[in-house]
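Colleague: Input structure: entry.pdb, which contains PDB, C-alpha atoms.
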MODEL        1
ATOM      1  CA  MET A   1      -2.232  42.530 -33.962
ATOM      2  CA  ASN A   2      -4.652  39.603 -33.928
ATOM      3  CA  ILE A   3      -3.856  36.238 -35.510
ATOM      4  CA  ALA A   4      -6.489  33.574 -36.168
ATOM      5  CA  VAL A   5      -4.882  30.235 -35.333
ATOM      6  CA  PHE A   6      -5.943  26.875 -36.722
ATOM      7  CA  VAL A   7      -4.536  23.795 -34.992
ATOM      8  CA  GLY A   8      -5.191  20.888 -37.330
ATOM      9  CA  SER A   9      -5.408  18.312 -34.551
ATOM     10  CA  LEU A  10      -8.286  17.850 -32.137
ATOM     11  CA  ARG A  11      -6.183  15.845 -29.635
ATOM     12  CA  ASP A  12      -5.853  17.333 -26.153
ATOM     13  CA  ASP A  13      -2.144  16.436 -26.018
ATOM     14  CA  SER A  14      -1.446  17.363 -29.648
ATOM     15  CA  LEU A  15       2.140  18.196 -30.613
ATOM     16  CA  ASN A  16       0.712  20.857 -32.913
ATOM     17  CA  LYS A  17      -1.312  22.438 -30.129
ATOM     18  CA  LYS A  18       1.902  22.550 -28.095
ATOM     19  CA  LEU A  19       3.722  24.125 -31.030
ATOM     20  CA  ALA A  20       0.983  26.748 -31.460
ATOM     21  CA  LYS A  21       1.103  27.600 -27.750
ATOM     22  CA  SER A  22       4.904  27.824 -27.991
ATOM     23  CA  LEU A  23       4.657  30.220 -30.942
ATOM     24  CA  GLU A  24       2.163  32.306 -28.970
ATOM     25  CA  ALA A  25       4.562  32.400 -26.001
ATOM     26  CA  VAL A  26       7.421  33.825 -28.106
ATOM     27  CA  ALA A  27       5.326  36.127 -30.322
ATOM     28  CA  PRO A  28       6.232  39.810 -30.313
ATOM     29  CA  GLU A  29       4.528  42.042 -27.779
ATOM     30  CA  GLY A  30       1.043  43.132 -28.813
ATOM     31  CA  VAL A  31       0.303  39.981 -30.814
ATOM     32  CA  THR A  32      -2.757  38.014 -29.718
ATOM     33  CA  PHE A  33      -3.819  34.565 -30.845
ATOM     34  CA  GLU A  34      -7.454  33.598 -31.348
ATOM     35  CA  TYR A  35      -7.779  29.841 -31.661
ATOM     36  CA  VAL A  36     -10.432  28.869 -34.211
ATOM     37  CA  ASP A  37     -12.708  25.988 -33.229
ATOM     38  CA  LEU A  38     -12.591  23.282 -35.914
ATOM     39  CA  ASN A  39     -15.743  21.612 -34.636
ATOM     40  CA  VAL A  40     -18.097  22.737 -37.403
ATOM     41  CA  PRO A  41     -20.638  20.692 -39.383
ATOM     42  CA  LEU A  42     -19.420  18.808 -42.429
ATOM     43  CA  TYR A  43     -19.489  21.194 -45.346
ATOM     44  CA  ASN A  44     -22.661  20.850 -47.410
ATOM     45  CA  THR A  45     -24.045  23.492 -49.764
ATOM     46  CA  ASP A  46     -27.550  22.487 -48.732
ATOM     47  CA  ILE A  47     -26.955  23.993 -45.274
ATOM     48  CA  GLU A  48     -25.121  27.179 -46.336
ATOM     49  CA  SER A  49     -28.247  29.205 -45.692
ATOM     50  CA  PRO A  50     -28.706  29.951 -42.954
ATOM     51  CA  TYR A  51     -24.979  29.722 -42.333
ATOM     52  CA  PRO A  52     -24.349  27.395 -39.343
ATOM     53  CA  GLU A  53     -23.370  29.296 -36.179
ATOM     54  CA  PRO A  54     -20.108  27.351 -35.508
ATOM     55  CA  ALA A  55     -18.955  27.978 -39.089
ATOM     56  CA  GLN A  56     -19.898  31.671 -38.811
ATOM     57  CA  LYS A  57     -17.872  32.015 -35.592
ATOM     58  CA  ALA A  58     -14.839  30.525 -37.365
ATOM     59  CA  LYS A  59     -15.322  32.820 -40.355
ATOM     60  CA  ASP A  60     -15.775  35.870 -38.121
ATOM     61  CA  ALA A  61     -12.488  35.055 -36.372
ATOM     62  CA  VAL A  62     -10.675  35.059 -39.721
ATOM     63  CA  LEU A  63     -12.394  38.226 -40.947
ATOM     64  CA  ALA A  64     -11.386  40.055 -37.748
ATOM     65  CA  ALA A  65      -7.799  38.794 -37.870
ATOM     66  CA  ASP A  66      -4.774  40.550 -39.307
ATOM     67  CA  GLY A  67      -3.308  37.195 -40.324
ATOM     68  CA  VAL A  68      -3.844  33.444 -40.205
ATOM     69  CA  LEU A  69      -1.509  30.853 -38.696
ATOM     70  CA  ILE A  70      -2.082  27.172 -39.453
ATOM     71  CA  VAL A  71      -0.242  24.668 -37.266
ATOM     72  CA  THR A  72      -1.055  21.195 -38.454
ATOM     73  CA  PRO A  73      -0.056  17.564 -38.406
ATOM     74  CA  GLU A  74       0.052  15.458 -41.531
ATOM     75  CA  TYR A  75      -2.560  12.718 -41.934
ATOM     76  CA  ASN A  76      -2.101  10.220 -44.762
ATOM     77  CA  ARG A  77       0.284  12.576 -46.587
ATOM     78  CA  SER A  78      -2.119  15.523 -46.544
ATOM     79  CA  ILE A  79      -3.969  17.860 -44.206
ATOM     80  CA  PRO A  80      -6.461  16.603 -41.610
ATOM     81  CA  GLY A  81     -10.078  16.457 -42.764
ATOM     82  CA  VAL A  82     -11.266  18.721 -39.936
ATOM     83  CA  LEU A  83      -8.906  21.466 -41.118
ATOM     84  CA  LYS A  84      -9.994  21.193 -44.751
ATOM     85  CA  ASN A  85     -13.639  21.179 -43.691
ATOM     86  CA  VAL A  86     -13.434  24.415 -41.684
ATOM     87  CA  MET A  87     -11.446  26.049 -44.484
ATOM     88  CA  ASP A  88     -14.171  25.067 -46.945
ATOM     89  CA  TRP A  89     -16.788  26.722 -44.725
ATOM     90  CA  ILE A  90     -14.783  29.941 -44.322
ATOM     91  CA  SER A  91     -14.270  30.220 -48.080
ATOM     92  CA  ARG A  92     -18.028  29.995 -48.725
ATOM     93  CA  PRO A  93     -20.549  30.943 -49.924
ATOM     94  CA  TYR A  94     -19.179  31.628 -53.378
ATOM     95  CA  GLY A  95     -18.018  35.231 -53.624
ATOM     96  CA  ALA A  96     -17.593  35.629 -49.845
ATOM     97  CA  ASN A  97     -14.190  34.014 -49.241
ATOM     98  CA  GLY A  98     -13.143  34.918 -45.696
ATOM     99  CA  PHE A  99      -9.514  34.076 -46.499
ATOM    100  CA  ASP A 100      -9.196  36.480 -49.439
ATOM    101  CA  ALA A 101      -5.884  38.416 -49.240
ATOM    102  CA  LYS A 102      -5.201  37.281 -45.636
ATOM    103  CA  PRO A 103      -1.540  36.795 -44.726
ATOM    104  CA  LEU A 104      -0.819  33.145 -43.899
ATOM    105  CA  ALA A 105       1.997  31.313 -42.150
ATOM    106  CA  ILE A 106       2.136  27.520 -41.917
ATOM    107  CA  ALA A 107       3.912  25.348 -39.344
ATOM    108  CA  GLY A 108       3.681  21.765 -38.209
ATOM    109  CA  ALA A 109       5.021  19.354 -35.636
ATOM    110  CA  SER A 110       5.532  15.644 -36.056
ATOM    111  CA  GLY A 111       7.007  12.832 -34.026
ATOM    112  CA  GLY A 112       8.672  11.525 -37.176
ATOM    113  CA  PRO A 113      11.707  12.633 -39.195
ATOM    114  CA  ILE A 114       9.845  13.863 -42.299
ATOM    115  CA  GLY A 115       7.669  16.297 -40.431
ATOM    116  CA  THR A 116       4.646  17.830 -42.062
ATOM    117  CA  ALA A 117       6.176  18.681 -45.441
ATOM    118  CA  VAL A 118       3.467  17.119 -47.606
ATOM    119  CA  ALA A 119       0.616  18.594 -45.553
ATOM    120  CA  GLN A 120       2.264  22.010 -45.752
ATOM    121  CA  SER A 121       2.705  21.614 -49.500
ATOM    122  CA  ASP A 122      -0.991  20.781 -49.865
ATOM    123  CA  LEU A 123      -1.891  23.820 -47.754
ATOM    124  CA  ARG A 124       0.186  26.021 -50.042
ATOM    125  CA  HIS A 125      -1.931  24.875 -53.001
ATOM    126  CA  ILE A 126      -5.167  25.533 -51.103
ATOM    127  CA  ALA A 127      -3.920  28.934 -49.914
ATOM    128  CA  GLY A 128      -3.029  29.921 -53.476
ATOM    129  CA  TYR A 129      -6.498  29.077 -54.681
ATOM    130  CA  LEU A 130      -8.059  30.987 -51.768
ATOM    131  CA  ASN A 131      -5.962  34.062 -52.697
ATOM    132  CA  MET A 132      -4.104  34.154 -49.384
ATOM    133  CA  ARG A 133      -0.768  35.967 -49.023
ATOM    134  CA  LEU A 134       1.606  33.173 -48.055
ATOM    135  CA  VAL A 135       4.850  33.577 -46.136
ATOM    136  CA  GLY A 136       7.408  31.606 -48.128
ATOM    137  CA  GLN A 137      10.286  31.597 -45.668
ATOM    138  CA  PRO A 138      11.195  30.533 -43.098
ATOM    139  CA  GLU A 139       9.401  27.221 -43.240
ATOM    140  CA  LEU A 140       8.766  25.562 -39.892
ATOM    141  CA  TYR A 141       8.877  21.772 -39.770
ATOM    142  CA  PHE A 142       9.156  20.790 -36.115
ATOM    143  CA  THR A 143      10.377  17.218 -36.702
ATOM    144  CA  LEU A 144      11.058  14.521 -34.105
ATOM    145  CA  ALA A 145       9.048  16.823 -31.853
ATOM    146  CA  THR A 146       8.024  14.382 -29.132
ATOM    147  CA  ASP A 147      11.050  15.311 -27.007
ATOM    148  CA  LYS A 148      11.154  19.020 -27.917
ATOM    149  CA  PHE A 149       8.553  20.093 -25.363
ATOM    150  CA  GLY A 150       8.973  20.537 -21.632
ATOM    151  CA  GLU A 151       6.674  19.428 -18.841
ATOM    152  CA  ASP A 152       4.777  22.728 -19.164
ATOM    153  CA  GLY A 153       3.811  21.750 -22.730
ATOM    154  CA  LEU A 154       5.894  24.501 -24.324
ATOM    155  CA  ALA A 155       8.944  24.101 -26.528
ATOM    156  CA  LYS A 156      12.198  23.730 -24.644
ATOM    157  CA  PRO A 157      14.322  26.911 -24.440
ATOM    158  CA  GLU A 158      16.816  25.748 -27.077
ATOM    159  CA  TYR A 159      14.040  26.096 -29.706
ATOM    160  CA  HIS A 160      12.804  29.542 -28.673
ATOM    161  CA  GLU A 161      15.096  31.464 -31.035
ATOM    162  CA  GLN A 162      13.882  29.458 -34.046
ATOM    163  CA  LEU A 163      10.236  29.907 -33.074
ATOM    164  CA  ARG A 164      10.673  33.593 -32.226
ATOM    165  CA  GLY A 165      12.302  34.213 -35.612
ATOM    166  CA  PHE A 166       9.388  32.510 -37.352
ATOM    167  CA  MET A 167       6.874  34.708 -35.501
ATOM    168  CA  GLU A 168       8.843  37.937 -35.958
ATOM    169  CA  ASN A 169       9.036  37.252 -39.700
ATOM    170  CA  PHE A 170       5.289  36.563 -39.872
ATOM    171  CA  VAL A 171       4.401  39.716 -37.952
ATOM    172  CA  ALA A 172       6.654  41.773 -40.260
ATOM    173  CA  PHE A 173       5.035  40.119 -43.283
ATOM    174  CA  ILE A 174       1.559  41.033 -42.003
ATOM    175  CA  GLY A 175       2.713  44.624 -41.588
ATOM    176  CA  LYS A 176       3.775  44.918 -45.241
TER     177      LYS A 176
ENDMDL
END
Please express the file's structure as structure tokens.

Modeller:
Amino acid sequence: MNIAVFVGSLRDDSLNKKLAKSLEAVAPEGVTFEYVDLNVPLYNTDIESPYPEPAQKAKDAVLAADGVLIVTPEYNRSIPGVLKNVMDWISRPYGANGFDAKPLAIAGASGGPIGTAVAQSDLRHIAGYLNMRLVGQPELYFTLATDKFGEDGLAKPEYHEQLRGFMENFVAFIGK
């Protein structure tokens, strides 16, 4: 089973990149993650044809995937612009939405106590419009996450059961 993974932060030491890698580490056997590169041109209908190569690579990753996992921070009470931009590309051109009917799970890590609740809520609206099949439960808000990762960059063992349960549920959801 192949999952296209979007990490909504470009930072090298991103908490969300660490969370994505932690989810990959506890995923059921046979599950592979393909990390989608968010470095695509700013969306502009004038350059849809020919479709830019970086945007096509991102779209191809989604089309080949059995499901989509978005692990994102919250910027200014919403999703990061780079994430929205790549999603806009993958949903275009009109009538060729790469996200159509794809299973989706959403997670996010934050150094603060509120987590990524508003960003995840915004993503749920976008996913609904894009006709994605959204996992409703369990939600994964990895709050106060700064101290939840070990020196290897992965979540500390006391969080593995929570993360494993999230991934097992998503894999089962994809299989339905």

Colleague: Evaluate the PyMOL selection byres ((chain A and resi 6-20) around 7) against this structure - the residues, as a list of chain:residue names, please.

Modeller: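 Applied to this file, the PyMOL selection byres ((chain A and resi 6-20) around 7) returns A:Ala4, A:Val5, A:Lys21, A:Ser22, A:Leu23, A:Glu24, A:Tyr35, A:Val36, A:Leu69, A:Ile70, A:Val71, A:Thr72, A:Pro73, A:Pro80, A:Val82, A:Leu83, A:Gly108, A:Ala109, A:Ser110, A:Gly153, A:Leu154, A:Ala155.
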
Colleague: Given the choices A:Met1, A:Leu163, A:Ala145, A:Val86, which gets closest to Gly111 in chain A if the distance is worked out from all atoms listed in the file?

Modeller: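 Selected residue with least distance to Gly111 in chain A: A:Ala145.
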
Colleague: Run the PyMOL selection byres ((chain A and resi 140) around 9) mentally over the shown coordinates, then write out the matched residues as a PDB file with C-alpha atoms, in the coordinates of the input, using the chain letters and numbers from the document.

Modeller:
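The result, written out as expr-v4.pdb:
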ATOM      1  CA  ILE A 106       2.136  27.520 -41.917  1.00  0.00           C
ATOM      2  CA  ALA A 107       3.912  25.348 -39.344  1.00  0.00           C
ATOM      3  CA  GLY A 108       3.681  21.765 -38.209  1.00  0.00           C
ATOM      4  CA  ALA A 109       5.021  19.354 -35.636  1.00  0.00           C
ATOM      5  CA  GLN A 137      10.286  31.597 -45.668  1.00  0.00           C
ATOM      6  CA  PRO A 138      11.195  30.533 -43.098  1.00  0.00           C
ATOM      7  CA  GLU A 139       9.401  27.221 -43.240  1.00  0.00           C
ATOM      8  CA  TYR A 141       8.877  21.772 -39.770  1.00  0.00           C
ATOM      9  CA  PHE A 142       9.156  20.790 -36.115  1.00  0.00           C
ATOM     10  CA  GLN A 162      13.882  29.458 -34.046  1.00  0.00           C
ATOM     11  CA  LEU A 163      10.236  29.907 -33.074  1.00  0.00           C
ATOM     12  CA  PHE A 166       9.388  32.510 -37.352  1.00  0.00           C
TER      13      PHE A 166
END

Colleague: Identify which of the residues A:Asn169, A:Asn85, A:Asn2, A:Asn131 lies closest to Tyr43 in chain A, counting all atoms listed in the file when measuring atom-to-atom distances.

Modeller: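 Residue with the minimum atom-to-atom distance to Tyr43 in chain A: A:Asn85.
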
Colleague: As an exercise, work out the distance from CA of Trp89 in chain A to CA of Asn44 in chain A in Å and give it to one decimal place.

Modeller: 8.7 Å

Colleague: For the file shown, what are the residues hit by the PyMOL selection byres ((chain A and resi 119) around 8), laid out as a short mmCIF file (atom, residue, chain, number, x, y, z; two decimals) with C-alpha atoms, in the frame of the given file?

Modeller:
data_model
loop_
_atom_site.label_atom_id
_atom_site.label_comp_id
_atom_site.auth_asym_id
_atom_site.auth_seq_id
_atom_site.Cartn_x
_atom_site.Cartn_y
_atom_site.Cartn_z
CA THR A 72 -1.06 21.20 -38.45
CA PRO A 73 -0.06 17.56 -38.41
CA GLU A 74 0.05 15.46 -41.53
CA TYR A 75 -2.56 12.72 -41.93
CA ARG A 77 0.28 12.58 -46.59
CA SER A 78 -2.12 15.52 -46.54
CA ILE A 79 -3.97 17.86 -44.21
CA THR A 116 4.65 17.83 -42.06
CA ALA A 117 6.18 18.68 -45.44
CA VAL A 118 3.47 17.12 -47.61
CA GLN A 120 2.26 22.01 -45.75
CA SER A 121 2.70 21.61 -49.50
CA ASP A 122 -0.99 20.78 -49.86
CA LEU A 123 -1.89 23.82 -47.75
#

Colleague: Return the single residue from A:Asp147, A:Asp100, A:Glu168, A:Asp46 that is closest to Val31 in chain A, with distances computed using only C-alpha atoms.

Modeller: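 Checking each of A:Asp147, A:Asp100, A:Glu168, A:Asp46 against Val31 in chain A, counting only C-alpha atoms, the winner is A:Glu168.
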
Colleague: Which value, in Å to one decimal, gives the distance between CA of Pro28 in chain A and CA of Glu151 in chain A?

Modeller: 23.4 Å

Colleague: So what do you get for CA of Pro54 in chain A versus CA of Glu34 in chain A, distance-wise?

Modeller: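 CA of Glu34 in chain A lies 14.7 Å from CA of Pro54 in chain A.
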
Colleague: Any idea what's packed within 10 Å of Asp66 in chain A, counting all atoms listed in the file, ignoring anything in its chain fewer than 2 positions away? Could you give it as a PyMOL selection string?

Modeller: chain A and resi 1-4+31+61-64+68+102-104+171+174-175

Colleague: Could you rebuild range 63-94 of chain A with N, CA and C atoms and give me the result as an mmCIF file, in the frame of the given file?

Modeller:
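File part.cif, as written:
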data_model
loop_
_atom_site.group_PDB
_atom_site.id
_atom_site.type_symbol
_atom_site.label_atom_id
_atom_site.label_comp_id
_atom_site.auth_asym_id
_atom_site.auth_seq_id
_atom_site.Cartn_x
_atom_site.Cartn_y
_atom_site.Cartn_z
ATOM 1 N N LEU A 63 -12.117 36.885 -40.427
ATOM 2 C CA LEU A 63 -12.394 38.226 -40.947
ATOM 3 C C LEU A 63 -11.845 39.311 -40.028
ATOM 4 N N ALA A 64 -11.873 39.070 -38.716
ATOM 5 C CA ALA A 64 -11.386 40.055 -37.748
ATOM 6 C C ALA A 64 -9.868 40.018 -37.575
ATOM 7 N N ALA A 65 -9.233 38.988 -38.081
ATOM 8 C CA ALA A 65 -7.799 38.794 -37.870
ATOM 9 C C ALA A 65 -6.962 39.577 -38.872
ATOM 10 N N ASP A 66 -5.750 39.919 -38.421
ATOM 11 C CA ASP A 66 -4.774 40.550 -39.307
ATOM 12 C C ASP A 66 -4.019 39.508 -40.128
ATOM 13 N N GLY A 67 -3.989 38.273 -39.638
ATOM 14 C CA GLY A 67 -3.308 37.195 -40.324
ATOM 15 C C GLY A 67 -3.808 35.862 -39.820
ATOM 16 N N VAL A 68 -3.426 34.804 -40.530
ATOM 17 C CA VAL A 68 -3.844 33.444 -40.205
ATOM 18 C C VAL A 68 -2.597 32.586 -40.031
ATOM 19 N N LEU A 69 -2.582 31.809 -38.956
ATOM 20 C CA LEU A 69 -1.509 30.853 -38.696
ATOM 21 C C LEU A 69 -2.136 29.466 -38.645
ATOM 22 N N ILE A 70 -1.620 28.560 -39.474
ATOM 23 C CA ILE A 70 -2.082 27.172 -39.453
ATOM 24 C C ILE A 70 -0.940 26.315 -38.944
ATOM 25 N N VAL A 71 -1.212 25.587 -37.868
ATOM 26 C CA VAL A 71 -0.242 24.668 -37.266
ATOM 27 C C VAL A 71 -0.890 23.294 -37.333
ATOM 28 N N THR A 72 -0.333 22.432 -38.173
ATOM 29 C CA THR A 72 -1.055 21.195 -38.454
ATOM 30 C C THR A 72 -0.174 19.963 -38.546
ATOM 31 N N PRO A 73 -0.734 18.827 -38.141
ATOM 32 C CA PRO A 73 -0.056 17.564 -38.406
ATOM 33 C C PRO A 73 -0.301 17.158 -39.853
ATOM 34 N N GLU A 74 0.272 16.037 -40.209
ATOM 35 C CA GLU A 74 0.052 15.458 -41.531
ATOM 36 C C GLU A 74 -0.661 14.131 -41.340
ATOM 37 N N TYR A 75 -1.808 13.978 -41.985
ATOM 38 C CA TYR A 75 -2.560 12.718 -41.934
ATOM 39 C C TYR A 75 -2.585 12.129 -43.331
ATOM 40 N N ASN A 76 -2.079 10.919 -43.476
ATOM 41 C CA ASN A 76 -2.101 10.220 -44.762
ATOM 42 C C ASN A 76 -1.541 11.067 -45.901
ATOM 43 N N ARG A 77 -0.438 11.742 -45.617
ATOM 44 C CA ARG A 77 0.284 12.576 -46.587
ATOM 45 C C ARG A 77 -0.530 13.776 -47.079
ATOM 46 N N SER A 78 -1.367 14.320 -46.216
ATOM 47 C CA SER A 78 -2.119 15.523 -46.544
ATOM 48 C C SER A 78 -2.558 16.206 -45.255
ATOM 49 N N ILE A 79 -3.478 17.148 -45.376
ATOM 50 C CA ILE A 79 -3.969 17.860 -44.206
ATOM 51 C C ILE A 79 -5.124 17.089 -43.571
ATOM 52 N N PRO A 80 -5.342 17.256 -42.281
ATOM 53 C CA PRO A 80 -6.461 16.603 -41.610
ATOM 54 C C PRO A 80 -7.804 17.071 -42.188
ATOM 55 N N GLY A 81 -8.756 16.153 -42.233
ATOM 56 C CA GLY A 81 -10.078 16.457 -42.764
ATOM 57 C C GLY A 81 -10.770 17.587 -42.027
ATOM 58 N N VAL A 82 -10.592 17.656 -40.698
ATOM 59 C CA VAL A 82 -11.266 18.721 -39.936
ATOM 60 C C VAL A 82 -10.758 20.099 -40.349
ATOM 61 N N LEU A 83 -9.477 20.194 -40.683
ATOM 62 C CA LEU A 83 -8.906 21.466 -41.118
ATOM 63 C C LEU A 83 -9.462 21.855 -42.486
ATOM 64 N N LYS A 84 -9.459 20.923 -43.408
ATOM 65 C CA LYS A 84 -9.994 21.193 -44.751
ATOM 66 C C LYS A 84 -11.460 21.581 -44.667
ATOM 67 N N ASN A 85 -12.216 20.906 -43.822
ATOM 68 C CA ASN A 85 -13.639 21.179 -43.691
ATOM 69 C C ASN A 85 -13.893 22.613 -43.218
ATOM 70 N N VAL A 86 -13.203 23.051 -42.177
ATOM 71 C CA VAL A 86 -13.434 24.415 -41.684
ATOM 72 C C VAL A 86 -12.961 25.439 -42.710
ATOM 73 N N MET A 87 -11.902 25.132 -43.443
ATOM 74 C CA MET A 87 -11.446 26.049 -44.484
ATOM 75 C C MET A 87 -12.487 26.159 -45.596
ATOM 76 N N ASP A 88 -13.110 25.029 -45.935
ATOM 77 C CA ASP A 88 -14.171 25.067 -46.945
ATOM 78 C C ASP A 88 -15.307 25.981 -46.493
ATOM 79 N N TRP A 89 -15.716 25.870 -45.232
ATOM 80 C CA TRP A 89 -16.788 26.722 -44.725
ATOM 81 C C TRP A 89 -16.407 28.201 -44.814
ATOM 82 N N ILE A 90 -15.192 28.534 -44.382
ATOM 83 C CA ILE A 90 -14.783 29.941 -44.322
ATOM 84 C C ILE A 90 -14.663 30.543 -45.722
ATOM 85 N N SER A 91 -14.400 29.719 -46.707
ATOM 86 C CA SER A 91 -14.270 30.220 -48.080
ATOM 87 C C SER A 91 -15.626 30.365 -48.782
ATOM 88 N N ARG A 92 -16.694 30.004 -48.128
ATOM 89 C CA ARG A 92 -18.028 29.995 -48.725
ATOM 90 C C ARG A 92 -18.944 31.003 -48.064
ATOM 91 N N PRO A 93 -20.074 31.356 -48.606
ATOM 92 C CA PRO A 93 -20.549 30.943 -49.924
ATOM 93 C C PRO A 93 -19.717 31.585 -51.027
ATOM 94 N N TYR A 94 -19.918 31.126 -52.239
ATOM 95 C CA TYR A 94 -19.179 31.628 -53.378
ATOM 96 C C TYR A 94 -19.254 33.154 -53.407
#
